[in-house]
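Have a look at structure_4.pdb; it's PDB, C-alpha atoms, pLDDT in the B column:
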```pdb
ATOM      1  CA  MET A  92     109.410  94.029 126.374  1.00 56.00           C
ATOM      2  CA  GLY A  93     107.700  90.870 125.175  1.00 60.00           C
ATOM      3  CA  GLU A  94     108.610  89.406 121.830  1.00 60.00           C
ATOM      4  CA  ASN A  95     105.401  90.561 120.151  1.00 81.00           C
ATOM      5  CA  GLU A  96     104.503  93.538 122.318  1.00 93.00           C
ATOM      6  CA  LEU A  97     105.426  96.214 119.760  1.00 95.00           C
ATOM      7  CA  ALA A  98     103.803  94.335 116.899  1.00 96.00           C
ATOM      8  CA  GLY A  99     100.641  93.978 118.962  1.00 96.00           C
ATOM      9  CA  ARG A 100     100.693  97.653 119.893  1.00 96.00           C
ATOM     10  CA  PHE A 101     100.887  98.591 116.223  1.00 97.00           C
ATOM     11  CA  PHE A 102      97.902  96.407 115.367  1.00 97.00           C
ATOM     12  CA  ASP A 103      95.975  97.970 118.248  1.00 97.00           C
ATOM     13  CA  ALA A 104      96.832 101.482 117.013  1.00 98.00           C
ATOM     14  CA  ALA A 105      95.854 100.665 113.433  1.00 98.00           C
ATOM     15  CA  ILE A 106      92.590  99.033 114.495  1.00 98.00           C
ATOM     16  CA  GLY A 107      91.762 102.024 116.670  1.00 98.00           C
ATOM     17  CA  LEU A 108      92.315 104.392 113.762  1.00 98.00           C
ATOM     18  CA  LEU A 109      90.238 102.225 111.429  1.00 98.00           C
ATOM     19  CA  GLU A 110      87.383 102.236 113.943  1.00 98.00           C
ATOM     20  CA  ARG A 111      87.583 106.020 114.282  1.00 98.00           C
ATOM     21  CA  VAL A 112      87.551 106.519 110.529  1.00 98.00           C
ATOM     22  CA  ARG A 113      84.692 104.048 110.088  1.00 98.00           C
ATOM     23  CA  ASP A 114      82.543 105.844 112.658  1.00 98.00           C
ATOM     24  CA  GLU A 115      83.534 109.492 112.204  1.00 98.00           C
ATOM     25  CA  GLU A 116      83.909 109.596 108.406  1.00 98.00           C
ATOM     26  CA  ALA A 117      80.875 107.481 107.490  1.00 98.00           C
ATOM     27  CA  ALA A 118      78.886 110.390 106.045  1.00 98.00           C
ATOM     28  CA  HIS A 119      81.850 111.644 104.006  1.00 98.00           C
ATOM     29  CA  ILE A 120      82.581 108.152 102.691  1.00 98.00           C
ATOM     30  CA  ALA A 121      78.947 107.811 101.629  1.00 98.00           C
ATOM     31  CA  ALA A 122      79.078 111.202  99.892  1.00 98.00           C
ATOM     32  CA  ALA A 123      82.295 110.283  98.090  1.00 98.00           C
ATOM     33  CA  GLY A 124      80.818 106.950  97.020  1.00 98.00           C
ATOM     34  CA  ALA A 125      77.724 108.704  95.684  1.00 98.00           C
ATOM     35  CA  ALA A 126      79.866 111.211  93.768  1.00 98.00           C
ATOM     36  CA  ILE A 127      81.801 108.390  92.122  1.00 98.00           C
ATOM     37  CA  ALA A 128      78.577 106.547  91.306  1.00 98.00           C
ATOM     38  CA  ASP A 129      77.142 109.726  89.769  1.00 98.00           C
ATOM     39  CA  THR A 130      80.201 110.054  87.561  1.00 98.00           C
ATOM     40  CA  VAL A 131      80.139 106.419  86.446  1.00 98.00           C
ATOM     41  CA  ALA A 132      76.424 106.630  85.690  1.00 97.00           C
ATOM     42  CA  SER A 133      76.769 109.856  83.691  1.00 97.00           C
ATOM     43  CA  GLY A 134      79.605 108.610  81.479  1.00 97.00           C
ATOM     44  CA  GLY A 135      82.419 110.386  83.316  1.00 97.00           C
ATOM     45  CA  ARG A 136      85.857 109.086  84.185  1.00 96.00           C
ATOM     46  CA  LEU A 137      87.632 108.440  87.481  1.00 98.00           C
ATOM     47  CA  PHE A 138      91.211 109.380  88.399  1.00 98.00           C
ATOM     48  CA  ALA A 139      93.347 108.944  91.504  1.00 98.00           C
ATOM     49  CA  PHE A 140      96.538 110.801  92.372  1.00 96.00           C
ATOM     50  CA  GLY A 141      99.041 110.589  95.195  1.00 94.00           C
ATOM     51  CA  ALA A 142     102.698 111.496  95.602  1.00 90.00           C
ATOM     52  CA  GLY A 143     105.325 109.621  97.564  1.00 87.00           C
ATOM     53  CA  HIS A 144     103.915 107.015  99.903  1.00 90.00           C
ATOM     54  CA  SER A 145     100.467 108.553  99.440  1.00 93.00           C
ATOM     55  CA  SER A 146     100.611 107.158  95.910  1.00 92.00           C
ATOM     56  CA  LEU A 147     100.362 103.634  97.322  1.00 95.00           C
ATOM     57  CA  ALA A 148      96.713 104.146  98.212  1.00 96.00           C
ATOM     58  CA  ALA A 149      96.012 105.637  94.779  1.00 96.00           C
ATOM     59  CA  GLN A 150      97.719 102.744  93.002  1.00 95.00           C
ATOM     60  CA  ASP A 151      95.802 100.262  95.147  1.00 96.00           C
ATOM     61  CA  VAL A 152      92.494 101.117  93.458  1.00 97.00           C
ATOM     62  CA  VAL A 153      93.748 101.061  89.849  1.00 97.00           C
ATOM     63  CA  TYR A 154      93.496  97.893  87.713  1.00 96.00           C
ATOM     64  CA  ARG A 155      92.625  95.986  90.838  1.00 95.00           C
ATOM     65  CA  ALA A 156      90.729  92.721  91.232  1.00 96.00           C
ATOM     66  CA  GLY A 157      87.520  93.602  93.037  1.00 97.00           C
ATOM     67  CA  GLY A 158      87.920  97.250  92.078  1.00 97.00           C
ATOM     68  CA  LEU A 159      86.241  99.600  89.642  1.00 97.00           C
ATOM     69  CA  ALA A 160      87.707  99.206  86.161  1.00 97.00           C
ATOM     70  CA  LEU A 161      87.195 102.926  85.503  1.00 97.00           C
ATOM     71  CA  MET A 162      89.656 104.141  88.144  1.00 98.00           C
ATOM     72  CA  ASN A 163      92.772 105.510  86.428  1.00 97.00           C
ATOM     73  CA  LEU A 164      96.069 106.585  87.971  1.00 96.00           C
ATOM     74  CA  LEU A 165      96.958 110.216  87.290  1.00 94.00           C
ATOM     75  CA  ALA A 166     100.716 109.823  87.524  1.00 87.00           C
ATOM     76  CA  VAL A 167     103.282 112.582  87.908  1.00 84.00           C
ATOM     77  CA  PRO A 168     106.660 111.334  86.645  1.00 82.00           C
ATOM     78  CA  GLY A 169     109.125 111.020  89.497  1.00 77.00           C
ATOM     79  CA  ALA A 170     106.518 111.597  92.198  1.00 81.00           C
ATOM     80  CA  VAL A 171     104.748 108.241  92.250  1.00 78.00           C
ATOM     81  CA  GLY A 172     107.017 106.808  94.940  1.00 74.00           C
ATOM     82  CA  VAL A 173     110.533 105.549  95.427  1.00 74.00           C
ATOM     83  CA  ASP A 174     110.942 104.965  91.691  1.00 74.00           C
ATOM     84  CA  VAL A 175     113.557 107.692  91.238  1.00 75.00           C
ATOM     85  CA  MET A 176     117.167 107.996  92.361  1.00 77.00           C
ATOM     86  CA  PRO A 177     117.826 109.544  94.723  1.00 85.00           C
ATOM     87  CA  ALA A 178     114.536 108.887  96.484  1.00 79.00           C
ATOM     88  CA  THR A 179     114.672 112.398  97.928  1.00 79.00           C
ATOM     89  CA  LEU A 180     114.025 113.761  94.426  1.00 75.00           C
ATOM     90  CA  GLY A 181     110.437 112.568  94.716  1.00 74.00           C
ATOM     91  CA  SER A 182     109.986 114.627  97.869  1.00 77.00           C
ATOM     92  CA  ALA A 183     111.498 117.645  96.147  1.00 75.00           C
ATOM     93  CA  LEU A 184     109.135 117.327  93.187  1.00 74.00           C
ATOM     94  CA  GLU A 185     106.146 117.583  95.551  1.00 76.00           C
ATOM     95  CA  ARG A 186     107.214 121.161  96.230  1.00 73.00           C
ATOM     96  CA  VAL A 187     107.551 122.272  92.593  1.00 72.00           C
ATOM     97  CA  ASP A 188     105.058 124.933  91.524  1.00 76.00           C
ATOM     98  CA  GLY A 189     103.314 124.396  88.186  1.00 79.00           C
ATOM     99  CA  LEU A 190     103.937 120.666  87.900  1.00 82.00           C
ATOM    100  CA  ALA A 191     100.360 119.705  88.712  1.00 86.00           C
ATOM    101  CA  GLY A 192      98.951 122.059  86.102  1.00 88.00           C
ATOM    102  CA  ALA A 193     101.217 120.664  83.403  1.00 90.00           C
ATOM    103  CA  VAL A 194     100.163 117.101  84.231  1.00 91.00           C
ATOM    104  CA  LEU A 195      96.452 117.929  84.270  1.00 93.00           C
ATOM    105  CA  ASP A 196      96.644 119.847  81.000  1.00 91.00           C
ATOM    106  CA  SER A 197      98.183 116.860  79.231  1.00 91.00           C
ATOM    107  CA  SER A 198      95.867 114.296  80.837  1.00 94.00           C
ATOM    108  CA  PRO A 199      92.492 113.063  79.558  1.00 95.00           C
ATOM    109  CA  ALA A 200      90.735 114.504  82.617  1.00 96.00           C
ATOM    110  CA  ARG A 201      87.867 116.850  81.786  1.00 95.00           C
ATOM    111  CA  ALA A 202      84.901 118.598  83.368  1.00 97.00           C
ATOM    112  CA  GLY A 203      82.500 116.195  85.048  1.00 97.00           C
ATOM    113  CA  ASP A 204      85.167 113.653  85.974  1.00 98.00           C
ATOM    114  CA  VAL A 205      86.192 112.776  89.531  1.00 98.00           C
ATOM    115  CA  LEU A 206      89.737 113.102  90.854  1.00 98.00           C
ATOM    116  CA  VAL A 207      90.719 111.573  94.177  1.00 98.00           C
ATOM    117  CA  VAL A 208      93.790 113.348  95.572  1.00 98.00           C
ATOM    118  CA  VAL A 209      95.643 111.486  98.309  1.00 97.00           C
ATOM    119  CA  SER A 210      98.095 113.420 100.471  1.00 96.00           C
ATOM    120  CA  LEU A 211      98.729 112.701 104.117  1.00 95.00           C
ATOM    121  CA  SER A 212      99.897 116.200 105.028  1.00 94.00           C
ATOM    122  CA  GLY A 213      98.074 118.043 102.235  1.00 93.00           C
ATOM    123  CA  ARG A 214     100.648 120.847 102.606  1.00 93.00           C
ATOM    124  CA  ASN A 215     102.885 120.476  99.556  1.00 91.00           C
ATOM    125  CA  ALA A 216     102.459 122.401  96.319  1.00 90.00           C
ATOM    126  CA  LEU A 217     101.775 119.340  94.171  1.00 91.00           C
ATOM    127  CA  PRO A 218      98.581 118.020  95.837  1.00 93.00           C
ATOM    128  CA  VAL A 219      97.302 121.521  96.613  1.00 95.00           C
ATOM    129  CA  GLU A 220      97.688 122.650  92.992  1.00 94.00           C
ATOM    130  CA  MET A 221      96.350 119.347  91.697  1.00 94.00           C
ATOM    131  CA  ALA A 222      93.095 119.856  93.575  1.00 96.00           C
ATOM    132  CA  LEU A 223      92.891 123.579  92.877  1.00 95.00           C
ATOM    133  CA  ASN A 224      93.503 123.203  89.141  1.00 95.00           C
ATOM    134  CA  ALA A 225      91.222 120.179  88.821  1.00 97.00           C
ATOM    135  CA  ARG A 226      88.303 122.086  90.299  1.00 97.00           C
ATOM    136  CA  ALA A 227      89.020 124.993  87.964  1.00 95.00           C
ATOM    137  CA  LEU A 228      88.708 122.524  85.075  1.00 96.00           C
ATOM    138  CA  GLY A 229      85.319 121.390  86.360  1.00 97.00           C
ATOM    139  CA  LEU A 230      86.308 118.126  88.021  1.00 98.00           C
ATOM    140  CA  LYS A 231      84.858 117.025  91.335  1.00 98.00           C
ATOM    141  CA  VAL A 232      87.693 116.553  93.826  1.00 98.00           C
ATOM    142  CA  ILE A 233      87.743 114.105  96.713  1.00 98.00           C
ATOM    143  CA  GLY A 234      90.641 114.698  99.100  1.00 98.00           C
ATOM    144  CA  VAL A 235      92.039 111.979 101.347  1.00 98.00           C
ATOM    145  CA  THR A 236      94.249 113.614 103.953  1.00 98.00           C
ATOM    146  CA  SER A 237      94.945 114.139 107.642  1.00 97.00           C
ATOM    147  CA  VAL A 238      93.199 117.336 108.661  1.00 97.00           C
ATOM    148  CA  ALA A 239      95.461 117.552 111.734  1.00 96.00           C
ATOM    149  CA  TYR A 240      98.330 118.761 109.544  1.00 95.00           C
ATOM    150  CA  ALA A 241      96.375 121.872 108.574  1.00 94.00           C
ATOM    151  CA  ALA A 242      96.080 122.799 112.253  1.00 94.00           C
ATOM    152  CA  GLU A 243      99.621 121.919 113.301  1.00 94.00           C
ATOM    153  CA  THR A 244     101.873 122.669 110.296  1.00 94.00           C
ATOM    154  CA  LYS A 245     102.326 125.405 107.718  1.00 94.00           C
ATOM    155  CA  SER A 246     101.403 125.045 104.054  1.00 92.00           C
ATOM    156  CA  ARG A 247     104.221 124.875 101.522  1.00 91.00           C
ATOM    157  CA  HIS A 248     101.987 126.325  98.790  1.00 89.00           C
ATOM    158  CA  ALA A 249     102.210 130.021  97.978  1.00 85.00           C
ATOM    159  CA  SER A 250      98.534 130.456  98.865  1.00 91.00           C
ATOM    160  CA  GLY A 251      99.044 129.176 102.391  1.00 90.00           C
ATOM    161  CA  THR A 252      96.228 126.691 101.860  1.00 94.00           C
ATOM    162  CA  PHE A 253      96.043 122.918 102.210  1.00 96.00           C
ATOM    163  CA  LEU A 254      94.555 120.135 100.101  1.00 96.00           C
ATOM    164  CA  LYS A 255      91.430 120.122 102.262  1.00 97.00           C
ATOM    165  CA  ASP A 256      90.700 123.699 101.204  1.00 96.00           C
ATOM    166  CA  HIS A 257      90.249 122.757  97.543  1.00 96.00           C
ATOM    167  CA  CYS A 258      88.051 119.647  97.752  1.00 98.00           C
ATOM    168  CA  ASP A 259      84.368 119.015  97.269  1.00 98.00           C
ATOM    169  CA  ILE A 260      84.574 116.159  99.782  1.00 98.00           C
ATOM    170  CA  VAL A 261      87.287 115.533 102.396  1.00 98.00           C
ATOM    171  CA  LEU A 262      88.029 112.141 103.936  1.00 98.00           C
ATOM    172  CA  ASP A 263      90.057 112.617 107.115  1.00 98.00           C
ATOM    173  CA  SER A 264      92.445 109.755 107.892  1.00 98.00           C
ATOM    174  CA  LYS A 265      92.923 110.995 111.500  1.00 98.00           C
ATOM    175  CA  ILE A 266      96.653 110.272 111.300  1.00 98.00           C
ATOM    176  CA  ALA A 267      98.681 112.314 113.800  1.00 97.00           C
ATOM    177  CA  VAL A 268     101.362 114.675 112.522  1.00 97.00           C
ATOM    178  CA  GLY A 269     104.551 112.691 112.003  1.00 95.00           C
ATOM    179  CA  ASP A 270     102.809 109.459 110.959  1.00 96.00           C
ATOM    180  CA  ALA A 271     104.368 107.187 113.586  1.00 97.00           C
ATOM    181  CA  GLU A 272     102.213 105.281 116.040  1.00 97.00           C
ATOM    182  CA  LEU A 273     104.804 103.889 118.445  1.00 97.00           C
ATOM    183  CA  THR A 274     107.564 104.949 120.789  1.00 94.00           C
ATOM    184  CA  ALA A 275     109.745 102.653 122.851  1.00 94.00           C
ATOM    185  CA  GLN A 276     112.613 102.822 125.275  1.00 92.00           C
ATOM    186  CA  GLY A 277     115.901 102.588 123.435  1.00 93.00           C
ATOM    187  CA  VAL A 278     114.379 103.751 120.134  1.00 95.00           C
ATOM    188  CA  ALA A 279     115.336 107.359 119.428  1.00 95.00           C
ATOM    189  CA  ALA A 280     112.579 108.207 116.921  1.00 96.00           C
ATOM    190  CA  PRO A 281     108.857 107.431 116.851  1.00 97.00           C
ATOM    191  CA  PHE A 282     108.105 104.626 114.405  1.00 97.00           C
ATOM    192  CA  ALA A 283     105.470 102.337 112.821  1.00 97.00           C
ATOM    193  CA  PRO A 284     103.429 104.512 110.408  1.00 97.00           C
ATOM    194  CA  ALA A 285      99.773 103.592 109.876  1.00 98.00           C
ATOM    195  CA  SER A 286      98.812 106.041 107.146  1.00 97.00           C
ATOM    196  CA  THR A 287      98.992 103.469 104.335  1.00 97.00           C
ATOM    197  CA  VAL A 288      96.730 101.034 106.171  1.00 98.00           C
ATOM    198  CA  VAL A 289      94.136 103.677 107.018  1.00 98.00           C
ATOM    199  CA  THR A 290      94.221 105.575 103.733  1.00 98.00           C
ATOM    200  CA  SER A 291      93.928 102.404 101.658  1.00 98.00           C
ATOM    201  CA  ALA A 292      90.973 101.354 103.797  1.00 98.00           C
ATOM    202  CA  LEU A 293      89.328 104.729 103.174  1.00 98.00           C
ATOM    203  CA  MET A 294      89.814 104.312  99.439  1.00 98.00           C
ATOM    204  CA  GLN A 295      88.408 100.779  99.371  1.00 98.00           C
ATOM    205  CA  ALA A 296      85.471 101.735 101.607  1.00 98.00           C
ATOM    206  CA  THR A 297      84.636 104.607  99.269  1.00 98.00           C
ATOM    207  CA  LEU A 298      84.662 102.380  96.199  1.00 98.00           C
ATOM    208  CA  ALA A 299      82.567  99.804  98.046  1.00 98.00           C
ATOM    209  CA  ALA A 300      80.047 102.552  98.768  1.00 98.00           C
ATOM    210  CA  ALA A 301      80.120 103.537  95.088  1.00 98.00           C
ATOM    211  CA  ALA A 302      79.485  99.957  93.967  1.00 98.00           C
ATOM    212  CA  GLY A 303      76.539  99.684  96.335  1.00 98.00           C
ATOM    213  CA  GLU A 304      75.133 102.998  95.147  1.00 98.00           C
ATOM    214  CA  LEU A 305      75.340 101.907  91.506  1.00 98.00           C
ATOM    215  CA  ALA A 306      73.643  98.595  92.276  1.00 98.00           C
ATOM    216  CA  GLU A 307      70.806 100.425  94.047  1.00 97.00           C
ATOM    217  CA  ARG A 308      70.280 102.428  90.855  1.00 97.00           C
ATOM    218  CA  GLY A 309      70.090  99.257  88.785  1.00 97.00           C
ATOM    219  CA  ILE A 310      73.507  99.808  87.199  1.00 97.00           C
ATOM    220  CA  GLU A 311      76.016  96.955  87.192  1.00 96.00           C
ATOM    221  CA  PRO A 312      79.223  98.311  88.743  1.00 97.00           C
ATOM    222  CA  PRO A 313      82.096  97.878  86.245  1.00 97.00           C
ATOM    223  CA  LEU A 314      84.208  95.705  88.531  1.00 98.00           C
ATOM    224  CA  LEU A 315      87.278  93.678  87.674  1.00 98.00           C
ATOM    225  CA  ARG A 316      87.740  90.062  88.723  1.00 97.00           C
ATOM    226  CA  SER A 317      90.973  88.347  89.663  1.00 97.00           C
ATOM    227  CA  GLY A 318      92.853  86.917  86.704  1.00 91.00           C
ATOM    228  CA  ASN A 319      93.790  84.033  88.980  1.00 94.00           C
ATOM    229  CA  VAL A 320      90.262  82.603  89.129  1.00 94.00           C
ATOM    230  CA  ASP A 321      88.602  80.704  86.298  1.00 96.00           C
ATOM    231  CA  GLY A 322      86.802  83.042  83.927  1.00 96.00           C
ATOM    232  CA  GLY A 323      88.509  86.139  85.312  1.00 96.00           C
ATOM    233  CA  HIS A 324      90.300  87.126  82.116  1.00 95.00           C
ATOM    234  CA  GLU A 325      87.136  86.703  80.046  1.00 96.00           C
ATOM    235  CA  TRP A 326      85.145  88.791  82.516  1.00 97.00           C
ATOM    236  CA  ASN A 327      87.738  91.559  82.529  1.00 96.00           C
ATOM    237  CA  GLY A 328      87.962  91.545  78.754  1.00 95.00           C
ATOM    238  CA  ARG A 329      84.224  92.156  78.524  1.00 96.00           C
ATOM    239  CA  VAL A 330      84.315  94.992  81.060  1.00 97.00           C
ATOM    240  CA  MET A 331      87.305  96.651  79.423  1.00 96.00           C
ATOM    241  CA  ALA A 332      85.744  96.425  75.991  1.00 96.00           C
ATOM    242  CA  GLU A 333      82.481  97.925  77.230  1.00 96.00           C
ATOM    243  CA  TYR A 334      84.227 100.851  78.952  1.00 96.00           C
ATOM    244  CA  ALA A 335      87.267 101.176  76.671  1.00 96.00           C
ATOM    245  CA  ASP A 336      86.789 104.925  76.157  1.00 95.00           C
ATOM    246  CA  ARG A 337      87.036 105.551  79.910  1.00 96.00           C
ATOM    247  CA  ILE A 338      90.028 103.359  80.745  1.00 97.00           C
ATOM    248  CA  PHE A 339      93.458 104.904  80.156  1.00 95.00           C
ATOM    249  CA  TYR A 340      95.884 102.412  81.702  1.00 93.00           C
ATOM    250  CA  ARG A 341      95.731 100.123  78.673  1.00 82.00           C
ATOM    251  CA  ARG A 342      96.277 100.559  74.965  1.00 68.00           C
TER     252      ARG A 342
END
```
Encoding of this model in structure tokens:
Amino acid sequence: MGENELAGRFFDAAIGLLERVRDEEAAHIAAAGAAIADTVASGGRLFAFGAGHSSLAAQDVVYRAGGLALMNLLAVPGAVGVDVMPATLGSALERVDGLAGAVLDSSPARAGDVLVVVSLSGRNALPVEMALNARALGLKVIGVTSVAYAAETKSRHASGTFLKDHCDIVLDSKIAVGDAELTAQGVAAPFAPASTVVTSALMQATLAAAAGELAERGIEPPLLRSGNVDGGHEWNGRVMAEYADRIFYRR
């Protein structure tokens, strides 16, 4: 195979998925953006949660240049990613019943807020309970998941349900079960996952829609600027001071 053939095939696969998501999820992205704008405008707070590699997309929209200052990470200790030893412990924690409820109960989240729950498979106890319990508390839940898993795998939650079953809005990443876009002769397992690329794009597209919705309502979106451009720190200081009661990743 050519030197760059596999790399090129991965880019083609990722671009194809991004085009599908752009076209097929446009209405859901707009609805999610409007829900976030509603919450910002009404004085509510924004939270994002993901476990394992799904946490990467959640982290990507928190304290981010060009992002909404109000987006907070709802972190579950040990489940954010490969920050525990052994790394397999993080996967095990995703299957623990009751953990999501304990985290929500001790968090600042309250009725009227928005919680974005990111889970590729949407089948583990942690994301399912996070969405279920958040809705019971009166939060609006946006789920970012691959709906294919609900058709092709079994839930690991006692209810037999998936993340998508407990969301007000679902954004489908279209990722195939197994999250590997390529196969090749001489390579025993499928490889090259695209879920991070696609899920992060869904998150950023949703926040872009929210910013546009706020602007249309005459509300300045509370965006952060890069600290590496002149005036960025001063800008961010003003935004954080104005919205201090809705930002929880700083003291």
Just say which residues the PyMOL selection byres ((chain A and resi 120-131) around 7) picks in this file, as a VMD selection string. chain A and resid 116 to 119 132 to 136 204 to 205 233 260 262 297 to 298 300 to 301 304 to 305
Selection export as an mmCIF file, keeping the file's coordinate frame, atoms kept: C-alpha atoms:
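This is the output file part-v1.cif:
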```
data_model
loop_
_atom_site.group_PDB
_atom_site.id
_atom_site.type_symbol
_atom_site.label_atom_id
_atom_site.label_comp_id
_atom_site.auth_asym_id
_atom_site.auth_seq_id
_atom_site.Cartn_x
_atom_site.Cartn_y
_atom_site.Cartn_z
ATOM 1 C CA GLU A 116 83.909 109.596 108.406
ATOM 2 C CA ALA A 117 80.875 107.481 107.490
ATOM 3 C CA ALA A 118 78.886 110.390 106.045
ATOM 4 C CA HIS A 119 81.850 111.644 104.006
ATOM 5 C CA ALA A 132 76.424 106.630 85.690
ATOM 6 C CA SER A 133 76.769 109.856 83.691
ATOM 7 C CA GLY A 134 79.605 108.610 81.479
ATOM 8 C CA GLY A 135 82.419 110.386 83.316
ATOM 9 C CA ARG A 136 85.857 109.086 84.185
ATOM 10 C CA ASP A 204 85.167 113.653 85.974
ATOM 11 C CA VAL A 205 86.192 112.776 89.531
ATOM 12 C CA ILE A 233 87.743 114.105 96.713
ATOM 13 C CA ILE A 260 84.574 116.159 99.782
ATOM 14 C CA LEU A 262 88.029 112.141 103.936
ATOM 15 C CA THR A 297 84.636 104.607 99.269
ATOM 16 C CA LEU A 298 84.662 102.380 96.199
ATOM 17 C CA ALA A 300 80.047 102.552 98.768
ATOM 18 C CA ALA A 301 80.120 103.537 95.088
ATOM 19 C CA GLU A 304 75.133 102.998 95.147
ATOM 20 C CA LEU A 305 75.340 101.907 91.506
#
```
Using the chain letters and residue numbers of this document, give as JSON, numbers by chain the residues selected by the PyMOL selection byres ((chain A and resi 150) around 9). {"A": [139, 140, 141, 146, 147, 148, 149, 151, 152, 153, 154, 155, 163, 164, 171]}
d(CA of Arg247 (chain A), CA of Glu220 (chain A)) in Å: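 CA of Glu220 (chain A) lies 11.0 Å from CA of Arg247 (chain A).
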May I ask which of the residues A:Ala292, A:Ala283, A:Met221, A:Val238 is the closest one to Ala267 (chain A), counting all atoms listed in the file?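 Counting all atoms listed in the file, the residue closest to Ala267 (chain A) is A:Val238.
Using all atoms listed in the file, the shortest contact distance between Leu161 (chain A) and any of A:Gly328, A:Leu223, A:Leu137, A:His257 is found at A:Leu137.
If you count only C-alpha atoms and ignore residues fewer than 4 places along the chain from region 316-326 of chain A, what sits within 8 Å of it is Arg155, Ala156, Gly157, Gly158 and Val330 of chain A.
Compared by their closest atoms to Glu96 (chain A), and using all atoms listed in the file, the residues A:Leu273, A:Val194, A:Leu165, A:Leu230 rank with A:Leu273 nearest.
When all atoms listed in the file are used to compute distances to Gln295 (chain A), the closest of the residues A:Leu159, A:Ala202, A:Ala178, A:Ala191 turns out to be A:Leu159.
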Applying 7 Å and all atoms listed in the file, which residues near Ala170 (chain A) remain after dropping the ones on its own chain fewer than 6 positions away? List them as a PDB file with C-alpha atoms, in the coordinates of the input.
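The result, stored in result.pdb:
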```pdb
ATOM      1  CA  ALA A 142     102.698 111.496  95.602  1.00 90.00           C
ATOM      2  CA  GLY A 143     105.325 109.621  97.564  1.00 87.00           C
ATOM      3  CA  GLY A 181     110.437 112.568  94.716  1.00 74.00           C
ATOM      4  CA  LEU A 184     109.135 117.327  93.187  1.00 74.00           C
ATOM      5  CA  GLU A 185     106.146 117.583  95.551  1.00 76.00           C
TER       6      GLU A 185
END
```
Pick the closest to Leu195 (chain A) from A:His144, A:Arg226, A:Arg214, A:Lys265: which is it, counting all atoms listed in the file?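 Nearest to Leu195 (chain A): A:Arg226.
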Point-to-point distance in Å for CA of Leu108 (chain A) and CA of Ala275 (chain A):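 Those two atoms sit 19.7 Å apart.
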With N, CA, C and O atoms as the target, complete region 112-122 of chain A and hand it back as a PDB file, in the frame of the given file.
```
ATOM      1  N   VAL A 112      87.880 106.103 111.893  1.00 98.00           N
ATOM      2  CA  VAL A 112      87.551 106.519 110.529  1.00 98.00           C
ATOM      3  C   VAL A 112      86.207 105.950 110.103  1.00 98.00           C
ATOM      4  O   VAL A 112      85.381 106.644 109.496  1.00 98.00           O
ATOM      5  N   ARG A 113      85.976 104.673 110.425  1.00 98.00           N
ATOM      6  CA  ARG A 113      84.692 104.048 110.088  1.00 98.00           C
ATOM      7  C   ARG A 113      83.535 104.825 110.690  1.00 98.00           C
ATOM      8  O   ARG A 113      82.521 105.100 110.011  1.00 98.00           O
ATOM      9  N   ASP A 114      83.656 105.211 111.953  1.00 98.00           N
ATOM     10  CA  ASP A 114      82.543 105.844 112.658  1.00 98.00           C
ATOM     11  C   ASP A 114      82.428 107.337 112.352  1.00 98.00           C
ATOM     12  O   ASP A 114      81.323 107.848 112.136  1.00 98.00           O
ATOM     13  N   GLU A 115      83.569 108.041 112.311  1.00 98.00           N
ATOM     14  CA  GLU A 115      83.534 109.492 112.204  1.00 98.00           C
ATOM     15  C   GLU A 115      83.463 109.994 110.768  1.00 98.00           C
ATOM     16  O   GLU A 115      83.016 111.125 110.523  1.00 98.00           O
ATOM     17  N   GLU A 116      83.896 109.169 109.806  1.00 98.00           N
ATOM     18  CA  GLU A 116      83.909 109.596 108.406  1.00 98.00           C
ATOM     19  C   GLU A 116      82.811 108.926 107.576  1.00 98.00           C
ATOM     20  O   GLU A 116      82.827 109.042 106.346  1.00 98.00           O
ATOM     21  N   ALA A 117      81.889 108.246 108.223  1.00 98.00           N
ATOM     22  CA  ALA A 117      80.875 107.481 107.490  1.00 98.00           C
ATOM     23  C   ALA A 117      80.092 108.343 106.500  1.00 98.00           C
ATOM     24  O   ALA A 117      79.871 107.945 105.349  1.00 98.00           O
ATOM     25  N   ALA A 118      79.681 109.525 106.927  1.00 98.00           N
ATOM     26  CA  ALA A 118      78.886 110.390 106.045  1.00 98.00           C
ATOM     27  C   ALA A 118      79.715 110.866 104.852  1.00 98.00           C
ATOM     28  O   ALA A 118      79.212 110.935 103.723  1.00 98.00           O
ATOM     29  N   HIS A 119      80.987 111.182 105.101  1.00 98.00           N
ATOM     30  CA  HIS A 119      81.850 111.644 104.006  1.00 98.00           C
ATOM     31  C   HIS A 119      82.159 110.509 103.032  1.00 98.00           C
ATOM     32  O   HIS A 119      82.224 110.725 101.812  1.00 98.00           O
ATOM     33  N   ILE A 120      82.344 109.310 103.566  1.00 98.00           N
ATOM     34  CA  ILE A 120      82.581 108.152 102.691  1.00 98.00           C
ATOM     35  C   ILE A 120      81.361 107.910 101.811  1.00 98.00           C
ATOM     36  O   ILE A 120      81.484 107.648 100.613  1.00 98.00           O
ATOM     37  N   ALA A 121      80.170 107.999 102.403  1.00 98.00           N
ATOM     38  CA  ALA A 121      78.947 107.811 101.629  1.00 98.00           C
ATOM     39  C   ALA A 121      78.820 108.873 100.541  1.00 98.00           C
ATOM     40  O   ALA A 121      78.436 108.579  99.403  1.00 98.00           O
ATOM     41  N   ALA A 122      79.158 110.120 100.874  1.00 98.00           N
ATOM     42  CA  ALA A 122      79.078 111.202  99.892  1.00 98.00           C
ATOM     43  C   ALA A 122      80.076 110.985  98.758  1.00 98.00           C
ATOM     44  O   ALA A 122      79.766 111.217  97.581  1.00 98.00           O
TER      45      ALA A 122
END
```
